[in-house]
Amino acid sequence: MSEPISTGVVRLLGGALLFLAAAIYAYSSIGGDLAALAYPNMALLVAGGPVAMLASSRAWTRLGNASLGAGVLGFVVGLVHVMENLDKLPTIGAGVAVALLPMLYSFVLAFVMGALGSGERTRLNGKNRPEKAVDLAPYALTATTFLLLLTFAVLYALKR
Amino acid sequence: MHSMRALAGLVLGLALMVVASLLEGANLRALFFLPAAIVVGAGAVAAVVIAFPLATCGESLRAVFGNSAERGDARRAQRFFAVAGRGALLSGFLGALLGAVHIFQNFDRPEAIGPGVALALLSIAYGFGANVFLAQPLASLARGKAKARTAGGAP
């Protein structure tokens with residue numbers, strides 16, 4: 001606990017910025033549209049996960065797990081939205097892209113929270129003993145789900 | 001000596017995989033994609049920077065490859081490499097999501113699908129590989145050192 005809290009905050013912000021900068025670089029280098037990544041409604045939904053978890057636990061890794069759960073929930077909500085508006089959307093793809101955004105937000109949140117929770121005990125995270133690691137099962141589930149989606153998308157696009 | 005043997009095993013195993021995929025006819029140049037590598041590398045570094053004070057990086061490397069690690073240092077090195085590996089894994093999944101979003105956004109343009117699939121699949125592969133073949137061996141090496149200190153008595 002020797003490190004001053006200001007150093008800890010700098011580390012936290014620096015790490016998060018590095019992570020986001022790498023993600024933004026990769027996305028724009030494959031020709032992606034950055035404005036399409038912003039979707040405040042779903043960001044609110046994902047933020048609701050850790051906020052709800054605060055009622056029962058203040059361990060960082062649990063908050064990260066809760067945001068992962070909220071991300072999967074947002075994915076399902078987005079997919080249902082796509083199904084409802086099938087005839088109004090320009091393509092199905094645009095709707096599914098929006099449905100994937102909450103999972104993206106929740107991955108960023110869970111990354112930062114998981115790193116905070118499983119790291120060394122400092123004034124920044126202020127915990128008494130090392131926490132359990134972030135549960136990887138939701139990742140496996142979501143990864144499988146959208147890999148399936150990806151496969152279907154590629155097959156569909158190639159067929160046309 | 002122990003850590004050198006572990007490193008030799010690591011290099012040998014990776015070389016075996018590369019040779020086997022070359023024999024199978026894989027194109028190694030197609031397996032390298034800089035944006036995916038940057039996402040995964042930055043993810044590992046960012047996780048470590050958030051989780052540990054900056055001095056811990058050097059201390060952990062010394063604890064694994066040096067000969068005079070305290071038990072606490074070895075334990076911390078184990079957590080250090082575990083956190084780095086998990087960061088690489090999770091940022092790999094994030095890169096996969098970014099690629100998937102790109103594909104779905106440009107659903108009607110087939111030329112956008114190639115880079116999207118490359119980012120999606122290769123960042124999963126890099127993240128998984130960095131975790132399983134780099135971070136986990138180092139973490140278990142550190143764990144072995146911590147156990148040896150406990151069993152031997154003298155630190």
# chains A, B, ... in the order shown; residues from 1 in each chain; ligands from 1
>>> interface_residues(of="chain A", to="chain B", cutoff="7 Å", atoms="only C-alpha atoms", output="compact mmCIF listing (two decimals) with all heavy atoms, in the first residue's frame")
# COMPACT_ATOMS: atom_id res chain seq x y z
N ARG A 11 -1.95 5.40 -13.39
CA ARG A 11 -1.81 4.07 -13.99
C ARG A 11 -3.13 3.60 -14.59
O ARG A 11 -3.19 3.08 -15.71
CB ARG A 11 -1.36 3.06 -12.94
CG ARG A 11 0.12 3.06 -12.68
CD ARG A 11 0.51 1.84 -11.90
NE ARG A 11 -0.08 1.76 -10.59
CZ ARG A 11 -0.93 0.85 -10.20
NH1 ARG A 11 -1.28 -0.11 -11.03
NH2 ARG A 11 -1.41 0.86 -8.98
N LEU A 12 -4.20 3.81 -13.81
CA LEU A 12 -5.53 3.36 -14.27
C LEU A 12 -5.90 4.07 -15.58
O LEU A 12 -6.27 3.42 -16.57
CB LEU A 12 -6.56 3.64 -13.19
CG LEU A 12 -8.01 3.44 -13.58
CD1 LEU A 12 -8.26 2.00 -13.91
CD2 LEU A 12 -8.93 3.89 -12.47
N GLY A 15 -3.56 3.06 -18.52
CA GLY A 15 -3.85 1.73 -19.05
C GLY A 15 -5.12 1.71 -19.86
O GLY A 15 -5.17 1.16 -20.97
N ALA A 16 -6.18 2.35 -19.33
CA ALA A 16 -7.45 2.36 -20.05
C ALA A 16 -7.31 3.09 -21.38
O ALA A 16 -7.83 2.63 -22.41
CB ALA A 16 -8.53 3.01 -19.19
N LEU A 18 -4.56 3.47 -23.16
CA LEU A 18 -3.75 2.64 -24.07
C LEU A 18 -4.62 1.57 -24.74
O LEU A 18 -4.58 1.36 -25.95
CB LEU A 18 -2.62 1.99 -23.28
CG LEU A 18 -1.77 0.98 -24.03
CD1 LEU A 18 -0.96 1.69 -25.09
CD2 LEU A 18 -0.84 0.25 -23.07
N PHE A 19 -5.45 0.93 -23.91
CA PHE A 19 -6.34 -0.12 -24.41
C PHE A 19 -7.30 0.44 -25.46
O PHE A 19 -7.44 -0.11 -26.56
CB PHE A 19 -7.10 -0.69 -23.22
CG PHE A 19 -7.96 -1.85 -23.53
CD1 PHE A 19 -7.45 -2.97 -24.12
CD2 PHE A 19 -9.30 -1.83 -23.19
CE1 PHE A 19 -8.25 -4.05 -24.39
CE2 PHE A 19 -10.11 -2.91 -23.47
CZ PHE A 19 -9.58 -4.01 -24.07
N ALA A 22 -5.54 1.45 -28.73
CA ALA A 22 -5.21 0.31 -29.59
C ALA A 22 -6.46 -0.19 -30.31
O ALA A 22 -6.42 -0.49 -31.51
CB ALA A 22 -4.60 -0.81 -28.75
N ALA A 23 -7.58 -0.25 -29.57
CA ALA A 23 -8.82 -0.73 -30.19
C ALA A 23 -9.25 0.21 -31.31
O ALA A 23 -9.61 -0.22 -32.40
CB ALA A 23 -9.92 -0.85 -29.15
N ALA A 26 -6.99 -0.17 -34.35
CA ALA A 26 -7.26 -1.37 -35.14
C ALA A 26 -8.55 -1.21 -35.94
O ALA A 26 -8.61 -1.58 -37.11
CB ALA A 26 -7.36 -2.58 -34.21
N TYR A 27 -9.55 -0.63 -35.29
CA TYR A 27 -10.84 -0.51 -35.97
C TYR A 27 -10.74 0.44 -37.15
O TYR A 27 -11.29 0.18 -38.22
CB TYR A 27 -11.91 -0.03 -34.99
CG TYR A 27 -13.29 -0.01 -35.56
CD1 TYR A 27 -13.91 -1.20 -35.91
CD2 TYR A 27 -13.96 1.18 -35.77
CE1 TYR A 27 -15.17 -1.20 -36.46
CE2 TYR A 27 -15.23 1.19 -36.30
CZ TYR A 27 -15.83 0.00 -36.64
OH TYR A 27 -17.08 0.00 -37.18
N ILE A 30 -8.77 -1.02 -40.32
CA ILE A 30 -9.45 -1.89 -41.27
C ILE A 30 -10.54 -1.14 -42.00
O ILE A 30 -11.36 -1.74 -42.70
CB ILE A 30 -10.03 -3.16 -40.60
CG1 ILE A 30 -11.05 -2.79 -39.53
CG2 ILE A 30 -8.95 -4.03 -40.03
CD1 ILE A 30 -11.81 -3.99 -39.00
N GLY A 32 -12.94 0.97 -40.61
CA GLY A 32 -14.21 1.09 -39.92
C GLY A 32 -14.60 2.54 -39.67
O GLY A 32 -13.77 3.43 -39.66
N GLY A 93 -27.56 -6.46 -41.43
CA GLY A 93 -26.23 -6.29 -40.87
C GLY A 93 -26.12 -5.07 -40.00
O GLY A 93 -25.53 -5.12 -38.91
N ALA A 94 -26.70 -3.95 -40.43
CA ALA A 94 -26.59 -2.71 -39.66
C ALA A 94 -27.21 -2.90 -38.28
O ALA A 94 -26.68 -2.45 -37.28
CB ALA A 94 -27.27 -1.58 -40.41
N VAL A 96 -27.59 -5.79 -36.62
CA VAL A 96 -26.77 -6.70 -35.80
C VAL A 96 -25.52 -5.98 -35.31
O VAL A 96 -25.07 -6.20 -34.18
CB VAL A 96 -26.42 -7.98 -36.59
CG1 VAL A 96 -25.55 -8.89 -35.76
CG2 VAL A 96 -27.69 -8.69 -37.00
N ALA A 97 -24.96 -5.08 -36.14
CA ALA A 97 -23.78 -4.33 -35.71
C ALA A 97 -24.11 -3.51 -34.47
O ALA A 97 -23.32 -3.44 -33.52
CB ALA A 97 -23.30 -3.43 -36.84
N LEU A 100 -24.32 -5.62 -31.40
CA LEU A 100 -23.04 -6.08 -30.85
C LEU A 100 -22.38 -5.02 -29.97
O LEU A 100 -21.49 -5.34 -29.19
CB LEU A 100 -22.08 -6.46 -31.99
CG LEU A 100 -22.31 -7.81 -32.64
CD1 LEU A 100 -21.40 -7.95 -33.83
CD2 LEU A 100 -22.04 -8.92 -31.66
N LEU A 104 -19.44 -4.94 -26.78
CA LEU A 104 -18.16 -4.22 -26.89
C LEU A 104 -17.92 -3.36 -25.65
O LEU A 104 -16.85 -3.42 -25.03
CB LEU A 104 -18.23 -3.35 -28.14
CG LEU A 104 -16.95 -2.90 -28.79
CD1 LEU A 104 -16.34 -4.07 -29.49
CD2 LEU A 104 -17.24 -1.82 -29.78
N PHE A 107 -17.14 -5.44 -22.61
CA PHE A 107 -15.79 -6.01 -22.60
C PHE A 107 -14.79 -4.99 -22.09
O PHE A 107 -13.89 -5.33 -21.31
CB PHE A 107 -15.40 -6.47 -24.01
CG PHE A 107 -15.82 -7.86 -24.32
CD1 PHE A 107 -17.04 -8.34 -23.88
CD2 PHE A 107 -15.01 -8.70 -25.05
CE1 PHE A 107 -17.43 -9.62 -24.15
CE2 PHE A 107 -15.39 -10.00 -25.33
CZ PHE A 107 -16.61 -10.46 -24.89
N PHE A 111 -12.78 -5.53 -18.73
CA PHE A 111 -11.30 -5.56 -18.82
C PHE A 111 -10.70 -4.70 -17.73
O PHE A 111 -9.84 -5.14 -16.95
CB PHE A 111 -10.89 -5.06 -20.20
CG PHE A 111 -9.41 -5.01 -20.41
CD1 PHE A 111 -8.73 -6.11 -20.88
CD2 PHE A 111 -8.70 -3.86 -20.15
CE1 PHE A 111 -7.38 -6.07 -21.07
CE2 PHE A 111 -7.35 -3.81 -20.34
CZ PHE A 111 -6.68 -4.92 -20.80
N ALA A 115 -8.87 -6.11 -14.31
CA ALA A 115 -7.46 -5.81 -14.05
C ALA A 115 -7.30 -5.14 -12.69
O ALA A 115 -6.36 -5.42 -11.95
CB ALA A 115 -6.90 -4.93 -15.16
N LEU A 116 -8.23 -4.25 -12.36
CA LEU A 116 -8.16 -3.59 -11.05
C LEU A 116 -8.31 -4.61 -9.93
O LEU A 116 -7.61 -4.55 -8.93
CB LEU A 116 -9.29 -2.56 -10.93
CG LEU A 116 -8.97 -1.13 -11.28
CD1 LEU A 116 -10.21 -0.29 -11.10
CD2 LEU A 116 -7.86 -0.63 -10.40
N SER A 118 -7.86 -7.98 -9.89
CA SER A 118 -6.95 -9.11 -9.73
C SER A 118 -5.52 -8.66 -9.55
O SER A 118 -4.62 -9.48 -9.51
CB SER A 118 -7.08 -10.05 -10.92
OG SER A 118 -6.96 -9.33 -12.11
N GLY A 119 -5.28 -7.35 -9.46
CA GLY A 119 -3.93 -6.86 -9.35
C GLY A 119 -3.42 -6.81 -7.92
O GLY A 119 -3.95 -7.48 -7.03
N GLU A 120 -2.38 -6.03 -7.74
CA GLU A 120 -1.79 -5.91 -6.42
C GLU A 120 -2.63 -4.99 -5.55
O GLU A 120 -3.27 -4.07 -6.04
CB GLU A 120 -0.38 -5.34 -6.58
CG GLU A 120 0.41 -5.42 -5.31
CD GLU A 120 1.88 -5.40 -5.65
OE1 GLU A 120 2.28 -6.17 -6.52
OE2 GLU A 120 2.60 -4.59 -5.05
N LEU A 150 -21.02 -14.72 -37.13
CA LEU A 150 -20.03 -14.31 -38.11
C LEU A 150 -20.01 -15.28 -39.29
O LEU A 150 -20.00 -14.89 -40.45
CB LEU A 150 -18.67 -14.29 -37.43
CG LEU A 150 -17.53 -13.61 -38.10
CD1 LEU A 150 -17.72 -12.12 -38.02
CD2 LEU A 150 -16.24 -13.98 -37.43
N ALA A 157 -23.07 -13.31 -47.16
CA ALA A 157 -22.51 -12.28 -48.02
C ALA A 157 -21.86 -12.89 -49.26
O ALA A 157 -21.94 -12.33 -50.35
CB ALA A 157 -21.50 -11.45 -47.24
>>> select_by_dssp(residues="segment 53-86 of chain B", states="helix (DSSP H, G or I)", output="mmCIF file with C-alpha atoms, in the first residue's frame")
data_model
loop_
_atom_site.group_PDB
_atom_site.id
_atom_site.type_symbol
_atom_site.label_atom_id
_atom_site.label_comp_id
_atom_site.auth_asym_id
_atom_site.auth_seq_id
_atom_site.Cartn_x
_atom_site.Cartn_y
_atom_site.Cartn_z
ATOM 1 C CA ALA B 55 8.210 -1.589 -10.579
ATOM 2 C CA THR B 56 6.470 -4.974 -10.429
ATOM 3 C CA CYS B 57 7.172 -5.716 -14.101
ATOM 4 C CA GLY B 58 10.927 -5.907 -13.669
ATOM 5 C CA GLU B 59 10.598 -7.632 -10.301
ATOM 6 C CA SER B 60 8.378 -10.330 -11.787
ATOM 7 C CA LEU B 61 10.755 -11.035 -14.654
ATOM 8 C CA ARG B 62 13.635 -11.240 -12.186
ATOM 9 C CA ALA B 63 11.622 -13.539 -9.924
ATOM 10 C CA VAL B 64 11.029 -15.972 -12.790
ATOM 11 C CA PHE B 65 14.417 -15.909 -14.502
ATOM 12 C CA ARG B 71 8.528 -16.557 -1.959
ATOM 13 C CA GLY B 72 6.323 -13.466 -1.968
ATOM 14 C CA ASP B 73 7.987 -12.189 -5.124
ATOM 15 C CA ALA B 74 7.400 -15.491 -6.886
ATOM 16 C CA ARG B 75 3.738 -15.472 -5.854
ATOM 17 C CA ARG B 76 3.374 -11.942 -7.144
ATOM 18 C CA ALA B 77 5.106 -12.870 -10.407
ATOM 19 C CA GLN B 78 2.591 -15.692 -10.818
ATOM 20 C CA ARG B 79 -0.308 -13.241 -10.461
ATOM 21 C CA PHE B 80 1.483 -10.776 -12.739
ATOM 22 C CA PHE B 81 1.723 -13.221 -15.637
ATOM 23 C CA ALA B 82 -1.781 -14.522 -15.034
ATOM 24 C CA VAL B 83 -3.153 -10.965 -15.254
ATOM 25 C CA ALA B 84 -1.126 -10.262 -18.411
ATOM 26 C CA GLY B 85 -2.408 -13.445 -20.056
ATOM 27 C CA ARG B 86 -5.992 -12.714 -19.156
#
>>> atom_distance(atom1="atom CA of Leu28 of chain B", atom2="atom CA of Tyr156 of chain A")
27.8 Å
